[in-house]
>>> print(open('run00.csv').read())   # CSV, C-alpha atoms
chain,number,residue,atom,x,y,z
J,1,MET,CA,-0.3,16.7,-2.5
J,2,LYS,CA,0.2,19.3,0.2
J,3,LYS,CA,1.6,18.0,3.5
J,4,ASN,CA,-0.1,18.6,6.8
J,5,ARG,CA,1.7,17.0,9.6
J,6,PHE,CA,0.5,15.7,12.9
J,7,SER,CA,3.6,16.8,14.9
J,8,SER,CA,2.8,16.5,18.6
J,9,ILE,CA,-0.9,15.7,18.3
J,10,ALA,CA,-1.9,12.0,18.6
J,11,SER,CA,0.3,10.9,15.7
J,12,ALA,CA,-2.0,10.2,12.9
J,13,ALA,CA,-2.8,7.4,10.6
J,14,LEU,CA,-0.4,5.2,9.0
J,15,VAL,CA,2.3,2.8,9.9
J,16,ILE,CA,4.9,0.3,9.0
J,17,ALA,CA,5.5,-3.2,10.5
J,18,ALA,CA,8.5,-4.9,12.0
J,19,VAL,CA,11.3,-6.5,10.0
J,20,LEU,CA,15.1,-6.6,10.3
J,21,SER,CA,16.6,-3.2,10.3
J,22,LEU,CA,19.8,-2.5,8.5
J,23,GLY,CA,21.6,-1.9,11.7
J,24,VAL,CA,23.9,0.7,10.2
J,25,THR,CA,26.6,1.5,12.7
J,26,GLY,CA,29.1,4.3,13.0
J,27,SER,CA,31.8,1.8,12.2
J,28,ALA,CA,30.1,0.9,8.9
J,29,PHE,CA,30.7,4.4,7.8
J,30,ALA,CA,34.0,4.9,9.6
J,31,GLY,CA,36.6,7.3,8.1
J,32,GLY,CA,36.1,9.9,5.5
J,33,SER,CA,35.8,13.7,5.7
J,34,SER,CA,33.3,15.6,7.7
J,35,GLN,CA,31.4,16.1,4.5
J,36,LYS,CA,31.0,12.4,4.1
J,37,LYS,CA,29.5,12.3,7.7
J,38,THR,CA,26.6,14.6,6.8
J,39,LEU,CA,23.3,13.5,5.3
J,40,THR,CA,21.4,16.4,3.8
J,41,ILE,CA,17.7,15.7,3.5
J,42,TYR,CA,15.6,18.2,1.5
J,43,THR,CA,11.8,18.0,2.0
J,44,TRP,CA,8.9,19.6,3.7
J,45,ALA,CA,9.0,20.4,7.5
J,46,GLU,CA,8.0,17.7,9.9
J,47,MET,CA,8.2,14.7,7.7
J,48,PHE,CA,9.7,12.4,10.3
J,49,PRO,CA,9.4,11.9,14.1
J,50,GLN,CA,12.4,13.4,15.8
J,51,ASP,CA,13.1,10.0,17.4
J,52,ILE,CA,13.6,8.5,13.9
J,53,LEU,CA,16.1,11.2,13.0
J,54,ASP,CA,17.9,11.0,16.3
J,55,GLY,CA,18.0,7.2,16.0
J,56,PHE,CA,19.6,7.2,12.6
J,57,GLU,CA,22.2,9.7,13.7
J,58,LYS,CA,23.1,7.5,16.6
J,59,GLU,CA,23.3,4.3,14.7
J,60,SER,CA,25.0,5.5,11.5
J,61,GLY,CA,27.3,8.2,12.8
J,62,TYR,CA,26.0,10.6,10.3
J,63,ARG,CA,24.7,14.1,11.2
J,64,ILE,CA,21.4,14.9,9.5
J,65,ASN,CA,21.2,18.3,7.9
J,66,TYR,CA,17.4,18.7,7.4
J,67,VAL,CA,16.5,21.4,4.9
J,68,ASN,CA,12.9,22.4,4.2
J,69,PHE,CA,11.1,23.7,1.1
J,70,ASP,CA,7.6,25.1,0.9
J,71,TYR,CA,6.5,23.9,-2.6
J,72,ASP,CA,7.7,21.2,-5.0
J,73,GLU,CA,8.5,23.8,-7.5
J,74,THR,CA,10.9,25.5,-5.1
J,75,MET,CA,12.7,22.3,-4.7
J,76,LEU,CA,13.0,21.7,-8.4
J,77,THR,CA,14.3,25.2,-9.1
J,78,LYS,CA,17.1,24.8,-6.5
J,79,LEU,CA,18.0,21.4,-7.8
J,80,GLU,CA,18.2,22.7,-11.3
J,81,GLN,CA,20.4,25.6,-10.2
J,82,SER,CA,22.8,23.2,-8.4
J,83,LYS,CA,22.7,20.7,-11.3
J,84,GLY,CA,21.7,17.9,-9.0
J,85,ALA,CA,24.1,18.7,-6.2
J,86,GLY,CA,23.8,20.0,-2.7
J,87,TYR,CA,21.3,17.4,-1.3
J,88,ASP,CA,21.6,13.7,-0.6
J,89,LEU,CA,17.9,12.8,-0.4
J,90,VAL,CA,14.8,14.6,-1.6
J,91,ILE,CA,11.3,13.7,-0.7
J,92,ALA,CA,8.7,15.3,-2.9
J,93,ASP,CA,5.5,14.7,-4.9
J,94,ASP,CA,5.1,12.3,-7.8
J,95,TYR,CA,4.7,14.8,-10.7
J,96,ILE,CA,7.7,16.9,-9.8
J,97,ILE,CA,9.8,13.8,-9.4
J,98,GLN,CA,8.9,12.8,-13.0
J,99,THR,CA,10.3,16.2,-14.1
J,100,ALA,CA,13.5,15.8,-12.0
J,101,ILE,CA,14.1,12.4,-13.5
J,102,GLU,CA,13.5,13.7,-17.1
J,103,LYS,CA,15.9,16.5,-16.5
J,104,GLY,CA,18.7,14.1,-15.3
J,105,LEU,CA,18.6,15.4,-11.7
J,106,ALA,CA,18.1,12.0,-10.1
J,107,GLN,CA,20.3,8.9,-10.0
J,108,LYS,CA,19.4,5.3,-9.9
J,109,LEU,CA,19.1,3.5,-6.6
J,110,ASP,CA,21.5,0.7,-5.6
J,111,LYS,CA,18.9,-1.7,-4.2
J,112,SER,CA,21.6,-4.0,-2.9
J,113,LYS,CA,22.1,-1.3,-0.2
J,114,ILE,CA,18.4,-1.2,0.6
J,115,PRO,CA,17.6,-4.7,1.9
J,116,ASN,CA,14.2,-3.5,3.3
J,117,TYR,CA,13.2,-2.6,-0.3
J,118,SER,CA,11.0,-5.7,-0.4
J,119,ASN,CA,8.8,-4.1,2.3
J,120,ILE,CA,7.2,-1.7,-0.2
J,121,ASN,CA,3.6,-2.3,-1.1
J,122,PRO,CA,3.6,-3.1,-4.9
J,123,ILE,CA,0.4,-0.9,-5.3
J,124,TYR,CA,2.7,2.1,-4.9
J,125,GLN,CA,5.3,1.0,-7.5
J,126,LYS,CA,5.6,1.2,-11.3
J,127,GLN,CA,3.8,4.5,-11.4
J,128,PHE,CA,4.0,7.1,-14.1
J,129,TYR,CA,6.9,9.1,-12.6
J,130,ASP,CA,9.1,6.0,-12.2
J,131,PRO,CA,7.6,3.1,-14.2
J,132,THR,CA,10.6,0.8,-13.8
J,133,ASP,CA,11.1,1.6,-10.0
J,134,GLU,CA,14.8,2.6,-10.6
J,135,TYR,CA,14.9,6.0,-8.9
J,136,THR,CA,12.3,6.2,-6.1
J,137,ILE,CA,11.1,4.9,-2.8
J,138,PRO,CA,7.5,5.8,-1.9
J,139,TYR,CA,6.9,7.5,1.4
J,140,GLY,CA,3.2,8.1,1.9
J,141,ALA,CA,0.2,8.4,-0.4
J,142,GLY,CA,-3.2,9.9,-0.3
J,143,VAL,CA,-6.4,10.9,-2.0
J,144,GLN,CA,-8.4,14.2,-2.0
J,145,THR,CA,-11.4,13.3,0.1
J,146,ILE,CA,-14.7,15.0,1.2
J,147,VAL,CA,-15.4,15.0,4.9
J,148,TYR,CA,-18.5,16.4,6.4
J,149,ASP,CA,-20.4,16.6,9.6
J,150,PRO,CA,-23.8,14.8,9.2
J,151,ARG,CA,-25.1,16.6,12.3
J,152,LYS,CA,-24.8,19.9,10.5
J,153,VAL,CA,-25.5,19.0,6.9
J,154,SER,CA,-29.1,18.4,5.8
J,155,ILE,CA,-28.1,16.4,2.6
J,156,ASP,CA,-26.4,13.1,2.1
J,157,ILE,CA,-23.1,13.8,0.3
J,158,THR,CA,-21.9,11.0,-2.0
J,159,GLY,CA,-19.8,12.8,-4.5
J,160,TYR,CA,-18.3,16.0,-5.7
J,161,ALA,CA,-21.6,17.1,-7.4
J,162,ASP,CA,-23.3,17.3,-4.1
J,163,LEU,CA,-21.1,20.2,-3.1
J,164,TRP,CA,-22.9,22.4,-5.5
J,165,ASN,CA,-26.2,21.9,-3.5
J,166,SER,CA,-27.5,25.2,-2.1
J,167,ALA,CA,-27.9,23.6,1.3
J,168,LEU,CA,-24.2,24.1,1.7
J,169,LEU,CA,-24.2,27.8,1.0
J,170,ASN,CA,-21.1,29.5,2.5
J,171,ASN,CA,-20.3,26.3,4.4
J,172,ILE,CA,-17.5,24.5,2.5
J,173,GLY,CA,-13.8,24.6,3.0
J,174,ILE,CA,-11.4,23.4,0.3
J,175,ILE,CA,-7.7,23.0,-0.1
J,176,GLY,CA,-5.8,25.5,-2.3
J,177,ASN,CA,-4.5,23.1,-4.9
J,178,PHE,CA,-6.0,24.3,-8.1
J,179,ARG,CA,-5.4,21.1,-10.1
J,180,VAL,CA,-7.3,19.2,-7.4
J,181,ILE,CA,-10.2,21.6,-7.2
J,182,ASN,CA,-10.4,22.3,-10.9
J,183,GLY,CA,-10.1,18.6,-11.4
J,184,MET,CA,-13.1,18.1,-9.1
J,185,ALA,CA,-15.2,20.0,-11.5
J,186,LEU,CA,-13.8,18.0,-14.4
J,187,LYS,CA,-14.7,14.8,-12.7
J,188,VAL,CA,-18.3,16.1,-12.2
J,189,LEU,CA,-18.3,16.6,-16.0
J,190,GLY,CA,-17.0,13.1,-16.6
J,191,LYS,CA,-13.6,14.3,-17.8
J,192,SER,CA,-10.0,13.4,-16.8
J,193,TYR,CA,-7.9,15.4,-14.3
J,194,ASN,CA,-5.3,15.4,-17.0
J,195,THR,CA,-7.2,16.5,-20.0
J,196,GLU,CA,-5.5,18.7,-22.5
J,197,ASN,CA,-8.8,19.8,-24.0
J,198,LEU,CA,-9.1,23.6,-23.4
J,199,ALA,CA,-12.8,23.5,-23.9
J,200,ASP,CA,-13.2,20.9,-21.1
J,201,ILE,CA,-11.0,23.0,-18.8
J,202,GLN,CA,-13.1,26.1,-19.5
J,203,ALA,CA,-16.3,24.1,-18.9
J,204,ALA,CA,-14.9,23.1,-15.5
J,205,GLY,CA,-14.2,26.8,-14.8
J,206,ASP,CA,-17.7,27.7,-15.7
J,207,LEU,CA,-19.0,25.0,-13.4
J,208,LEU,CA,-16.8,26.3,-10.5
J,209,GLN,CA,-18.4,29.7,-10.8
J,210,ASN,CA,-21.6,28.1,-9.6
J,211,LEU,CA,-19.8,26.5,-6.7
J,212,ALA,CA,-18.3,29.8,-5.5
J,213,PRO,CA,-21.3,30.8,-3.2
J,214,ASN,CA,-20.9,27.6,-1.2
J,215,ILE,CA,-17.2,28.2,-0.5
J,216,ARG,CA,-16.3,29.7,2.9
J,217,LEU,CA,-12.6,28.9,3.1
J,218,ILE,CA,-9.8,28.1,0.7
J,219,LYS,CA,-6.7,27.1,2.6
J,220,ASP,CA,-4.1,24.3,2.7
J,221,ASP,CA,-2.9,24.3,6.3
J,222,GLN,CA,-5.0,22.9,9.2
J,223,LEU,CA,-8.2,22.9,7.3
J,224,GLU,CA,-9.4,20.1,9.5
J,225,GLU,CA,-9.4,22.5,12.4
J,226,ASP,CA,-12.1,24.5,10.7
J,227,LEU,CA,-14.2,21.5,10.2
J,228,LEU,CA,-13.8,20.4,13.8
J,229,SER,CA,-14.6,23.8,15.2
J,230,GLY,CA,-17.7,24.1,13.1
J,231,GLU,CA,-16.4,27.0,11.0
J,232,VAL,CA,-17.4,24.8,8.0
J,233,ALA,CA,-19.7,21.8,7.8
J,234,ALA,CA,-18.0,20.1,4.8
J,235,ALA,CA,-14.5,20.1,3.4
J,236,VAL,CA,-12.4,18.8,0.6
J,237,MET,CA,-9.1,17.8,2.3
J,238,TYR,CA,-5.8,16.0,2.0
J,239,THR,CA,-5.5,12.6,3.5
J,240,SER,CA,-3.4,13.7,6.5
J,241,GLN,CA,-6.1,16.3,7.4
J,242,VAL,CA,-8.9,13.6,7.0
J,243,THR,CA,-7.0,11.4,9.4
J,244,MET,CA,-6.6,14.1,11.9
J,245,ALA,CA,-10.2,15.1,11.7
J,246,MET,CA,-11.5,11.5,12.1
J,247,MET,CA,-9.2,10.7,15.0
J,248,GLN,CA,-10.6,13.7,16.9
J,249,ASP,CA,-14.3,13.3,15.8
J,250,PRO,CA,-15.4,9.8,14.7
J,251,GLY,CA,-18.9,11.3,14.1
J,252,LEU,CA,-17.7,12.9,10.9
J,253,LYS,CA,-18.3,11.2,7.6
J,254,VAL,CA,-15.7,10.4,5.0
J,255,VAL,CA,-16.8,10.4,1.3
J,256,PHE,CA,-14.8,8.9,-1.5
J,257,PRO,CA,-16.5,10.7,-4.4
J,258,LYS,CA,-18.4,8.5,-6.8
J,259,GLU,CA,-17.1,10.5,-9.8
J,260,GLY,CA,-13.5,9.4,-9.0
J,261,ILE,CA,-10.7,10.8,-7.0
J,262,GLY,CA,-7.2,12.2,-7.4
J,263,PHE,CA,-4.5,10.0,-6.0
J,264,GLY,CA,-0.9,11.0,-5.3
J,265,ILE,CA,2.3,9.6,-3.9
J,266,MET,CA,5.2,11.2,-2.1
J,267,ALA,CA,8.6,9.5,-2.8
J,268,GLY,CA,12.2,9.8,-2.0
J,269,PHE,CA,15.0,10.1,-4.6
J,270,ILE,CA,18.7,10.7,-4.6
J,271,PRO,CA,19.9,13.7,-6.6
J,272,SER,CA,22.2,13.0,-9.5
J,273,LYS,CA,25.2,14.7,-7.8
J,274,ALA,CA,24.5,13.8,-4.2
J,275,SER,CA,27.6,13.9,-2.0
J,276,ASN,CA,26.5,10.9,0.0
J,277,PRO,CA,24.2,8.5,-1.9
J,278,ASP,CA,25.2,5.7,0.4
J,279,ALA,CA,24.0,7.6,3.4
J,280,ALA,CA,20.7,8.4,1.6
J,281,GLN,CA,20.2,4.7,0.9
J,282,ALA,CA,21.0,3.8,4.4
J,283,PHE,CA,18.5,6.3,5.7
J,284,LEU,CA,15.8,5.0,3.3
J,285,ASN,CA,16.5,1.4,4.5
J,286,TYR,CA,16.4,2.6,8.1
J,287,ILE,CA,12.9,4.1,7.8
J,288,MET,CA,11.6,1.1,5.8
J,289,ASP,CA,12.1,-1.2,8.8
J,290,PRO,CA,8.5,-2.1,9.5
J,291,GLN,CA,8.4,-0.8,13.1
J,292,ARG,CA,10.2,2.4,12.3
J,293,GLY,CA,8.0,2.8,9.2
J,294,ALA,CA,5.0,2.4,11.5
J,295,GLU,CA,6.2,5.3,13.6
J,296,CYS,CA,6.8,7.4,10.6
J,297,PHE,CA,3.4,6.9,9.1
J,298,GLU,CA,1.4,7.3,12.3
J,299,PHE,CA,3.2,10.6,12.6
J,300,LEU,CA,2.7,11.6,9.0
J,301,GLY,CA,-1.0,10.8,8.6
J,302,TYR,CA,-0.8,9.6,5.0
J,303,TYR,CA,-1.4,6.1,3.7
J,304,SER,CA,1.3,3.6,4.5
J,305,THR,CA,3.3,2.6,1.5
J,306,TYR,CA,5.1,-0.4,3.2
J,307,SER,CA,2.9,-3.5,3.4
J,308,ALA,CA,5.3,-5.0,5.9
J,309,SER,CA,4.2,-2.4,8.4
J,310,ASP,CA,0.4,-3.0,8.1
J,311,SER,CA,0.2,-5.5,11.0
J,312,LEU,CA,1.9,-3.1,13.3
J,313,VAL,CA,-0.6,-0.4,13.0
J,314,SER,CA,-2.3,0.5,16.3
J,315,PRO,CA,-5.9,-0.5,16.3
J,316,GLU,CA,-7.1,3.1,16.6
J,317,TYR,CA,-5.2,4.0,13.4
J,318,ARG,CA,-6.0,0.9,11.4
J,319,ALA,CA,-9.1,2.3,9.8
J,320,PHE,CA,-7.0,5.1,8.3
J,321,LEU,CA,-4.1,3.0,7.1
J,322,THR,CA,-5.3,2.8,3.5
J,323,LEU,CA,-8.5,2.9,1.4
J,324,PRO,CA,-11.4,0.8,2.8
J,325,PRO,CA,-11.7,-2.8,1.5
J,326,ASN,CA,-15.0,-2.0,-0.2
J,327,PHE,CA,-13.5,1.0,-2.1
J,328,ASN,CA,-14.7,0.9,-5.7
J,329,THR,CA,-14.3,4.4,-6.9
J,330,ASN,CA,-11.9,5.0,-9.8
J,331,MET,CA,-8.6,6.7,-8.9
J,332,GLU,CA,-6.6,8.8,-11.3
J,333,MET,CA,-3.2,10.3,-10.6
J,334,ILE,CA,-2.9,14.0,-11.3
J,335,GLN,CA,0.0,14.3,-13.8
J,336,ASN,CA,2.0,16.9,-15.6
J,337,ILE,CA,0.1,18.6,-18.5
J,338,SER,CA,1.2,21.0,-21.2
J,339,ASP,CA,2.0,24.6,-20.4
J,340,THR,CA,-1.1,25.7,-22.4
J,341,ALA,CA,-3.4,23.5,-20.3
J,342,GLU,CA,-1.7,24.5,-17.1
J,343,GLU,CA,-2.2,28.2,-18.0
J,344,ALA,CA,-5.9,27.6,-18.6
J,345,HIS,CA,-6.2,26.0,-15.2
J,346,SER,CA,-4.4,28.9,-13.5
J,347,ARG,CA,-6.7,31.4,-15.2
J,348,ILE,CA,-10.0,29.6,-14.2
J,349,TRP,CA,-8.6,29.1,-10.7
J,350,THR,CA,-8.0,32.9,-10.3
J,351,GLU,CA,-11.5,33.6,-11.6
J,352,PHE,CA,-13.0,31.1,-9.2
J,353,LYS,CA,-11.2,32.5,-6.2
J,354,ALA,CA,-12.4,36.0,-7.1
J,355,ALA,CA,-16.0,34.7,-7.3
J,356,ALA,CA,-15.6,33.0,-4.0
J,357,GLY,CA,-14.3,36.3,-2.4
J,358,ARG,CA,-10.8,35.0,-2.0
>>> encode(input="run00.csv", output="structure tokens")
Amino acid sequence: MKKNRFSSIASAALVIAAVLSLGVTGSAFAGGSSQKKTLTIYTWAEMFPQDILDGFEKESGYRINYVNFDYDETMLTKLEQSKGAGYDLVIADDYIIQTAIEKGLAQKLDKSKIPNYSNINPIYQKQFYDPTDEYTIPYGAGVQTIVYDPRKVSIDITGYADLWNSALLNNIGIIGNFRVINGMALKVLGKSYNTENLADIQAAGDLLQNLAPNIRLIKDDQLEEDLLSGEVAAAVMYTSQVTMAMMQDPGLKVVFPKEGIGFGIMAGFIPSKASNPDAAQAFLNYIMDPQRGAECFEFLGYYSTYSASDSLVSPEYRAFLTLPPNFNTNMEMIQNISDTAEEAHSRIWTEFKAAAGR
């Protein structure tokens, strides 16, 4: 699940409510070396409002060392090289967290130090990457969604299969996540995102070749801007991009594809040899305060994972807080697959991009 932040633009779509904050003060962490007064967070850029980071530093006495990575795989490689040291808190995608836990690179949480833990929406717990909820705190979730401009599209789009319609010739933008886009073709064929069947993966690749003429753009960042500008009339986007687009142009139409959609969760975990696990848990508790969480998720643009925050969502954001109440499309989490299946996906993706002129 690629991240696309709202930064300075009208914060985007998700929020957390108001409960008691931990109230961590400098005295609570008094003493110790300068190393113990630093909290090193490793995640993507612009994951938190600056006010949240500043507020934690002021209340806790810790200095935040914010380190960015570009891809989940980059994070995992560095964590493996350091054998779980060097970082106090990592926020990454579900599938890579599963790998980190399996490799012994994450440590169990001490929930007694996270009193706001009860604010988590149970929907986002007990997932495949942490089935016993021992290692992770969810921080945002989303689905890969179709958004289109009905004023510029002559057909009614209800699912992925409609994207193959010739009426959309050279008029679609898609994100660059090959498991998502290849998976889109698998869903049209009635297959799982996570199939290990190489014949099914190849069939999806063959189907994608027929989609190529309709593809105008393949990009991860700011794809919503191309939809808003009219560069494309339809797009398959990340949740944060959907939120941004809908906030700026309510005339757009969001489609939760009838074939089923891919669902993903970002979560925080503490590396196995973190220097300051207490600081990491204090920070997690700090952002799980309902009001602070609300600020984080409006800024972030993904679905709120803290049910205690829902009532604090601003009215203009409320429609984007989570899936609509009448949502009845099957969701499937995109998970790790075998190296052989992954290589097949990589190959058909390369062939599809070439056919699309990318």
>>> closest_atom_pairs(input="run00.csv", of="segment 89-128 of chain J", to="segment 63-78 of chain J", cutoff="7 Å", atoms="all atoms listed in the file", output="CSV")
residue,atom,partner,partner_atom,distance
J:Ala92,CA,J:Asp72,CA,6.3
J:Asp93,CA,J:Asp72,CA,6.9
J:Ile96,CA,J:Asp72,CA,6.4
J:Ala100,CA,J:Leu76,CA,6.9
>>> closest_residue(input="run00.csv", among="J:Ile97, J:Ala245, J:Ile201, J:Ala294", to="Leu312 of chain J", atoms="only C-alpha atoms")
J:Ala294
>>> closest_atom_pairs(input="run00.csv", of="segment 200-271 of chain J", to="segment 344-348 of chain J", cutoff="10 Å", atoms="all atoms listed in the file", output="tab-separated table")
residue	atom	partner	partner_atom	distance
J:Ile201	CA	J:His345	CA	6.7
J:Gln202	CA	J:Ile348	CA	7.1
J:Ala203	CA	J:Ile348	CA	9.6
J:Ala204	CA	J:Ile348	CA	8.2
J:Gly205	CA	J:Ile348	CA	5.1
J:Asp206	CA	J:Ile348	CA	8.1
J:Leu208	CA	J:Ile348	CA	8.4
J:Gln209	CA	J:Ile348	CA	9.1
>>> write_last_selection(input="run00.csv", atoms="C-alpha atoms", output="tab-separated table (two decimals), keeping the file's coordinate frame")
chain	number	residue	atom	x	y	z
J	201	ILE	CA	-11.00	23.00	-18.80
J	202	GLN	CA	-13.10	26.10	-19.50
J	203	ALA	CA	-16.30	24.10	-18.90
J	204	ALA	CA	-14.90	23.10	-15.50
J	205	GLY	CA	-14.20	26.80	-14.80
J	206	ASP	CA	-17.70	27.70	-15.70
J	208	LEU	CA	-16.80	26.30	-10.50
J	209	GLN	CA	-18.40	29.70	-10.80
>>> closest_residue(input="run00.csv", among="J:Thr350, J:Asn194, J:Thr158, J:Gln144", to="Tyr302 of chain J", atoms="all atoms listed in the file")
J:Gln144
>>> residues_around(input="run00.csv", residues="Ile181 of chain J", least_positions_apart="3", cutoff="10 Å", atoms="all atoms listed in the file", output="count of residues only")
18
>>> closest_residue(input="run00.csv", among="J:Pro49, J:Gly55, J:Gly230, J:Gly86", to="Asn276 of chain J", atoms="only C-alpha atoms")
J:Gly86
>>> closest_residue(input="run00.csv", among="J:Asp310, J:Ile261, J:Asp221, J:Asn182", to="Thr195 of chain J", atoms="all atoms listed in the file")
J:Asn182
>>> atom_distance(input="run00.csv", atom1="atom CA of Lys353 of chain J", atom2="atom CA of Ala212 of chain J")
7.6 Å
>>> atom_distance(input="run00.csv", atom1="atom CA of Ile157 of chain J", atom2="atom CA of Leu217 of chain J")
18.6 Å
>>> closest_residue(input="run00.csv", among="J:Lys152, J:Asp133, J:Glu196, J:Leu89", to="Glu342 of chain J", atoms="all atoms listed in the file")
J:Glu196
>>> atom_distance(input="run00.csv", atom1="atom CA of Tyr117 of chain J", atom2="atom CA of Ile270 of chain J")
15.0 Å
>>> closest_residue(input="run00.csv", among="J:Phe297, J:Phe256, J:Tyr286, J:Trp164", to="Asn330 of chain J", atoms="only C-alpha atoms")
J:Phe256
>>> residues_around(input="run00.csv", residues="segment 137-142 of chain J", least_positions_apart="4", cutoff="8 Å", atoms="only C-alpha atoms", output="PDB file with C-alpha atoms, in the coordinates of the input")
ATOM      1  CA  MET J   1      -0.300  16.700  -2.500  1.00  0.00           C
ATOM      2  CA  ILE J  91      11.300  13.700  -0.700  1.00  0.00           C
ATOM      3  CA  ILE J 120       7.200  -1.700  -0.200  1.00  0.00           C
ATOM      4  CA  TYR J 124       2.700   2.100  -4.900  1.00  0.00           C
ATOM      5  CA  GLN J 125       5.300   1.000  -7.500  1.00  0.00           C
ATOM      6  CA  ASP J 133      11.100   1.600 -10.000  1.00  0.00           C
ATOM      7  CA  TYR J 238      -5.800  16.000   2.000  1.00  0.00           C
ATOM      8  CA  THR J 239      -5.500  12.600   3.500  1.00  0.00           C
ATOM      9  CA  SER J 240      -3.400  13.700   6.500  1.00  0.00           C
ATOM     10  CA  PHE J 263      -4.500  10.000  -6.000  1.00  0.00           C
ATOM     11  CA  GLY J 264      -0.900  11.000  -5.300  1.00  0.00           C
ATOM     12  CA  ILE J 265       2.300   9.600  -3.900  1.00  0.00           C
ATOM     13  CA  MET J 266       5.200  11.200  -2.100  1.00  0.00           C
ATOM     14  CA  ALA J 267       8.600   9.500  -2.800  1.00  0.00           C
ATOM     15  CA  GLY J 268      12.200   9.800  -2.000  1.00  0.00           C
ATOM     16  CA  PHE J 269      15.000  10.100  -4.600  1.00  0.00           C
ATOM     17  CA  LEU J 284      15.800   5.000   3.300  1.00  0.00           C
ATOM     18  CA  PHE J 297       3.400   6.900   9.100  1.00  0.00           C
ATOM     19  CA  LEU J 300       2.700  11.600   9.000  1.00  0.00           C
ATOM     20  CA  TYR J 302      -0.800   9.600   5.000  1.00  0.00           C
ATOM     21  CA  TYR J 303      -1.400   6.100   3.700  1.00  0.00           C
ATOM     22  CA  SER J 304       1.300   3.600   4.500  1.00  0.00           C
ATOM     23  CA  THR J 305       3.300   2.600   1.500  1.00  0.00           C
TER      24      THR J 305
END
>>> residues_around(input="run00.csv", residues="Asp156 of chain J", least_positions_apart="2", cutoff="12 Å", atoms="only C-alpha atoms", output="ChimeraX atom specification")
/J:146-154,158-163,165,167-168,234,253-255
